[in-house]
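> Okay, here's the structure, questions in a sec.
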Amino acid sequence: METITATIGENVEHWGELYARYRAKRLQGVRVVYEVADSSLTEVARAQVYGNPGGSTYALVWVNYGACEGRVGAGSARGYGYHKPSAAIAGALKDAGFELNVNIAAAGDRAIDDALLAVAKAVGATGNLVVKSFE
């Protein structure tokens, strides 16, 4: 797969609306990008996937680093026969103002990790970057 890079665009603040929309959905998984630098661990970005495997899938993405502190975006995916979490996260990253050079929609878990790492690099994280998944 091609190396994924991200660029930063505009973000619309709408955290309250997003939280209200997704708080009643079932949490399916969480991915967090951490920066390890100078013996400290800093959360750079987080993606949470909600919904039911057989139904619609929703994603929220937060970026908590540098000039992009507090950015949030939401995305969703519907239908069958493809990897909906990556499609939902692709939409959430776009909603948060990040443009990827590769379309990660339906590309799988590895593409999600690579995209989140690209976002971390785009916002200026320079230490060792680690992605941790929680199911």
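Going through the structure tokens in order, the chains are called A, B, and so on, while each chain numbers its residues from 1 and the ligands are numbered from 1 in the order shown.
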Which residues come within 6 Å of segment 76-92 of chain A, counting only C-alpha atoms, excluding same-chain residues fewer than 3 positions away, as a ChimeraX atom specification?
/A:56-61,73,95,105-106,108,112
> With N, CA and C atoms retained, could you export that selection as a JSON list (two decimals), in the first residue's frame?

```json
[["chain", "number", "residue", "atom", "x", "y", "z"],
["A", 56, "SER", "N", -25.49, 0.02, 10.62],
["A", 56, "SER", "CA", -24.67, 1.19, 10.32],
["A", 56, "SER", "C", -23.49, 1.28, 11.29],
["A", 57, "THR", "N", -22.40, 1.85, 10.80],
["A", 57, "THR", "CA", -21.20, 2.06, 11.61],
["A", 57, "THR", "C", -20.92, 3.55, 11.65],
["A", 58, "TYR", "N", -20.58, 4.05, 12.83],
["A", 58, "TYR", "CA", -20.31, 5.46, 13.04],
["A", 58, "TYR", "C", -18.92, 5.63, 13.65],
["A", 59, "ALA", "N", -18.26, 6.73, 13.34],
["A", 59, "ALA", "CA", -16.94, 6.98, 13.91],
["A", 59, "ALA", "C", -16.82, 8.43, 14.37],
["A", 60, "LEU", "N", -16.12, 8.60, 15.46],
["A", 60, "LEU", "CA", -15.72, 9.92, 15.95],
["A", 60, "LEU", "C", -14.20, 9.94, 16.00],
["A", 61, "VAL", "N", -13.61, 11.03, 15.58],
["A", 61, "VAL", "CA", -12.15, 11.20, 15.63],
["A", 61, "VAL", "C", -11.86, 12.49, 16.38],
["A", 73, "GLY", "N", -14.23, 15.15, 14.48],
["A", 73, "GLY", "CA", -14.98, 14.90, 13.25],
["A", 73, "GLY", "C", -15.80, 13.63, 13.38],
["A", 95, "ASP", "N", -14.19, 15.16, 7.98],
["A", 95, "ASP", "CA", -15.02, 16.10, 8.72],
["A", 95, "ASP", "C", -14.19, 16.93, 9.70],
["A", 105, "ALA", "N", -11.22, 4.38, 2.85],
["A", 105, "ALA", "CA", -12.55, 3.81, 3.00],
["A", 105, "ALA", "C", -12.56, 2.37, 2.50],
["A", 106, "ALA", "N", -12.99, 1.46, 3.35],
["A", 106, "ALA", "CA", -13.09, 0.03, 3.05],
["A", 106, "ALA", "C", -11.73, -0.66, 2.92],
["A", 108, "GLY", "N", -9.55, -1.43, 5.47],
["A", 108, "GLY", "CA", -9.18, -2.29, 6.58],
["A", 108, "GLY", "C", -8.49, -1.60, 7.74],
["A", 112, "ILE", "N", -6.47, 2.19, 8.69],
["A", 112, "ILE", "CA", -6.88, 3.10, 9.76],
["A", 112, "ILE", "C", -5.65, 3.52, 10.56]]
```
> Report as JSON, numbers by chain all protein, DNA and RNA residues lying within 8 Å of Val63 of chain A, evaluated on only C-alpha atoms, omitting residues in the same chain fewer than 5 positions from it.
{"A": [44, 45, 46, 68, 69, 70, 71, 72]}
> Using only N, CA and C atoms, please write the residues we just selected to a file, as a CSV table (one decimal), in the first residue's frame.

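Result went into result-v3.csv, see below:
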```
chain,number,residue,atom,x,y,z
A,44,VAL,N,-2.2,11.8,20.9
A,44,VAL,CA,-2.2,12.7,19.8
A,44,VAL,C,-3.6,12.7,19.1
A,45,ALA,N,-4.1,11.5,18.9
A,45,ALA,CA,-5.3,11.3,18.1
A,45,ALA,C,-6.1,10.1,18.7
A,46,ARG,N,-7.4,10.1,18.5
A,46,ARG,CA,-8.2,9.0,18.9
A,46,ARG,C,-9.3,8.8,17.9
A,68,CYS,N,-3.8,21.8,16.4
A,68,CYS,CA,-5.1,21.1,16.2
A,68,CYS,C,-5.7,20.5,17.4
A,69,GLU,N,-5.3,21.1,18.6
A,69,GLU,CA,-5.9,20.6,19.9
A,69,GLU,C,-7.4,20.8,19.8
A,70,GLY,N,-8.1,19.7,20.2
A,70,GLY,CA,-9.6,19.8,20.3
A,70,GLY,C,-10.3,19.6,19.0
A,71,ARG,N,-9.7,19.2,17.9
A,71,ARG,CA,-10.4,19.0,16.6
A,71,ARG,C,-11.2,17.7,16.7
A,72,VAL,N,-12.4,17.7,16.2
A,72,VAL,CA,-13.2,16.5,16.2
A,72,VAL,C,-14.0,16.4,14.9
```
> Mind the document's chain letters and residue numbers, and return as number ranges by chain the residues of chain A that DSSP labels helix (DSSP H, G or I).
A: 15-22, 66-68, 84-95, 109-122
> Next, write the just-selected residues to a file, as a short mmCIF file (atom, residue, chain, number, x, y, z; two decimals), in the first residue's frame, keeping N, CA and C atoms as the atom set.

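Done, and the output landed in selection.cif:
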```
data_model
loop_
_atom_site.label_atom_id
_atom_site.label_comp_id
_atom_site.auth_asym_id
_atom_site.auth_seq_id
_atom_site.Cartn_x
_atom_site.Cartn_y
_atom_site.Cartn_z
N TRP A 15 -18.73 19.47 18.71
CA TRP A 15 -18.56 18.37 19.64
C TRP A 15 -19.86 18.00 20.35
N GLY A 16 -20.61 18.96 20.87
CA GLY A 16 -21.83 18.67 21.61
C GLY A 16 -22.84 17.91 20.77
N GLU A 17 -23.02 18.32 19.54
CA GLU A 17 -23.94 17.65 18.62
C GLU A 17 -23.49 16.21 18.36
N LEU A 18 -22.20 16.00 18.17
CA LEU A 18 -21.68 14.66 17.89
C LEU A 18 -21.84 13.75 19.09
N TYR A 19 -21.53 14.25 20.27
CA TYR A 19 -21.65 13.43 21.46
C TYR A 19 -23.10 13.00 21.65
N ALA A 20 -24.04 13.90 21.47
CA ALA A 20 -25.45 13.58 21.64
C ALA A 20 -25.90 12.52 20.64
N ARG A 21 -25.36 12.57 19.44
CA ARG A 21 -25.75 11.63 18.40
C ARG A 21 -25.25 10.22 18.66
N TYR A 22 -24.05 10.07 19.21
CA TYR A 22 -23.42 8.75 19.30
C TYR A 22 -23.40 8.13 20.69
N GLY A 66 -0.93 20.09 19.52
CA GLY A 66 -0.47 21.32 18.87
C GLY A 66 -1.59 22.25 18.47
N ALA A 67 -1.47 22.82 17.28
CA ALA A 67 -2.46 23.77 16.78
C ALA A 67 -3.81 23.11 16.51
N CYS A 68 -3.85 21.80 16.45
CA CYS A 68 -5.10 21.08 16.17
C CYS A 68 -5.73 20.53 17.45
N LYS A 84 -16.57 -1.39 7.00
CA LYS A 84 -17.25 -0.15 7.36
C LYS A 84 -16.49 0.71 8.37
N PRO A 85 -15.75 0.13 9.34
CA PRO A 85 -15.02 1.01 10.26
C PRO A 85 -14.04 1.95 9.54
N SER A 86 -13.31 1.43 8.55
CA SER A 86 -12.36 2.31 7.85
C SER A 86 -13.09 3.36 7.02
N ALA A 87 -14.24 3.01 6.47
CA ALA A 87 -15.02 3.99 5.71
C ALA A 87 -15.55 5.09 6.64
N ALA A 88 -16.04 4.70 7.82
CA ALA A 88 -16.55 5.68 8.77
C ALA A 88 -15.44 6.59 9.28
N ILE A 89 -14.27 6.02 9.56
CA ILE A 89 -13.14 6.83 10.04
C ILE A 89 -12.63 7.75 8.94
N ALA A 90 -12.65 7.30 7.70
CA ALA A 90 -12.25 8.18 6.58
C ALA A 90 -13.15 9.41 6.56
N GLY A 91 -14.45 9.21 6.72
CA GLY A 91 -15.38 10.33 6.76
C GLY A 91 -15.16 11.24 7.95
N ALA A 92 -14.85 10.65 9.10
CA ALA A 92 -14.60 11.44 10.31
C ALA A 92 -13.34 12.28 10.18
N LEU A 93 -12.29 11.72 9.58
CA LEU A 93 -11.06 12.48 9.37
C LEU A 93 -11.30 13.67 8.43
N LYS A 94 -12.08 13.42 7.38
CA LYS A 94 -12.41 14.51 6.45
C LYS A 94 -13.22 15.59 7.16
N ASP A 95 -14.19 15.16 7.98
CA ASP A 95 -15.02 16.10 8.72
C ASP A 95 -14.19 16.93 9.70
N ASP A 109 -8.20 -2.43 8.76
CA ASP A 109 -7.63 -1.93 10.00
C ASP A 109 -6.25 -1.31 9.83
N ARG A 110 -5.41 -1.91 9.01
CA ARG A 110 -4.05 -1.37 8.81
C ARG A 110 -4.11 0.04 8.21
N ALA A 111 -5.05 0.25 7.29
CA ALA A 111 -5.20 1.58 6.69
C ALA A 111 -5.63 2.61 7.74
N ILE A 112 -6.47 2.19 8.69
CA ILE A 112 -6.88 3.10 9.76
C ILE A 112 -5.65 3.52 10.56
N ASP A 113 -4.84 2.54 10.96
CA ASP A 113 -3.64 2.85 11.74
C ASP A 113 -2.71 3.78 10.98
N ASP A 114 -2.48 3.47 9.70
CA ASP A 114 -1.58 4.30 8.89
C ASP A 114 -2.12 5.73 8.73
N ALA A 115 -3.44 5.86 8.58
CA ALA A 115 -4.04 7.19 8.44
C ALA A 115 -3.91 7.99 9.74
N LEU A 116 -4.15 7.35 10.87
CA LEU A 116 -4.01 8.05 12.15
C LEU A 116 -2.57 8.45 12.41
N LEU A 117 -1.62 7.62 12.02
CA LEU A 117 -0.20 7.98 12.14
C LEU A 117 0.13 9.17 11.23
N ALA A 118 -0.44 9.18 10.03
CA ALA A 118 -0.21 10.30 9.10
C ALA A 118 -0.76 11.60 9.68
N VAL A 119 -1.92 11.53 10.31
CA VAL A 119 -2.50 12.71 10.95
C VAL A 119 -1.60 13.19 12.09
N ALA A 120 -1.10 12.26 12.88
CA ALA A 120 -0.20 12.63 13.99
C ALA A 120 1.04 13.35 13.47
N LYS A 121 1.59 12.87 12.38
CA LYS A 121 2.76 13.52 11.79
C LYS A 121 2.40 14.90 11.24
N ALA A 122 1.21 15.00 10.63
CA ALA A 122 0.78 16.28 10.04
C ALA A 122 0.61 17.37 11.10
#
```
> Out of A:Phe98, A:Tyr34, A:Tyr65, A:Tyr50, which residue has the shortest atom-to-atom distance to Ile4 of chain A when counting only C-alpha atoms?
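Among A:Phe98, A:Tyr34, A:Tyr65, A:Tyr50, it is A:Phe98 that comes nearest to Ile4 of chain A.
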> Which value, in Å to one decimal, gives the distance between atom CA of Arg31 of chain A and atom CA of Ala125 of chain A?
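The value is 16.6 Å.
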> Of the candidates A:Glu2, A:Val36, A:Glu10, A:Gly75, which one gets nearest to Asn101 of chain A if we count only C-alpha atoms?
A:Glu2
> Just how far from atom CA of Ala74 of chain A is atom CA of Val30 of chain A, in Å to one decimal?
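Rounded to one decimal, the two atoms are 14.0 Å apart.
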> I'd like the interatomic distance between atom CA of Lys25 of chain A and atom CA of Val49 of chain A, to a tenth of an Å.
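Atom CA of Lys25 of chain A sits 9.4 Å away from atom CA of Val49 of chain A.
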> Residues at most 7 Å from Glu43 of chain A, counting only C-alpha atoms, excluding those fewer than 3 positions away in the same chain, as a list in words?
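The contact residues come out as Val32, Val33, Tyr34, Glu35 and Asn64 of chain A.
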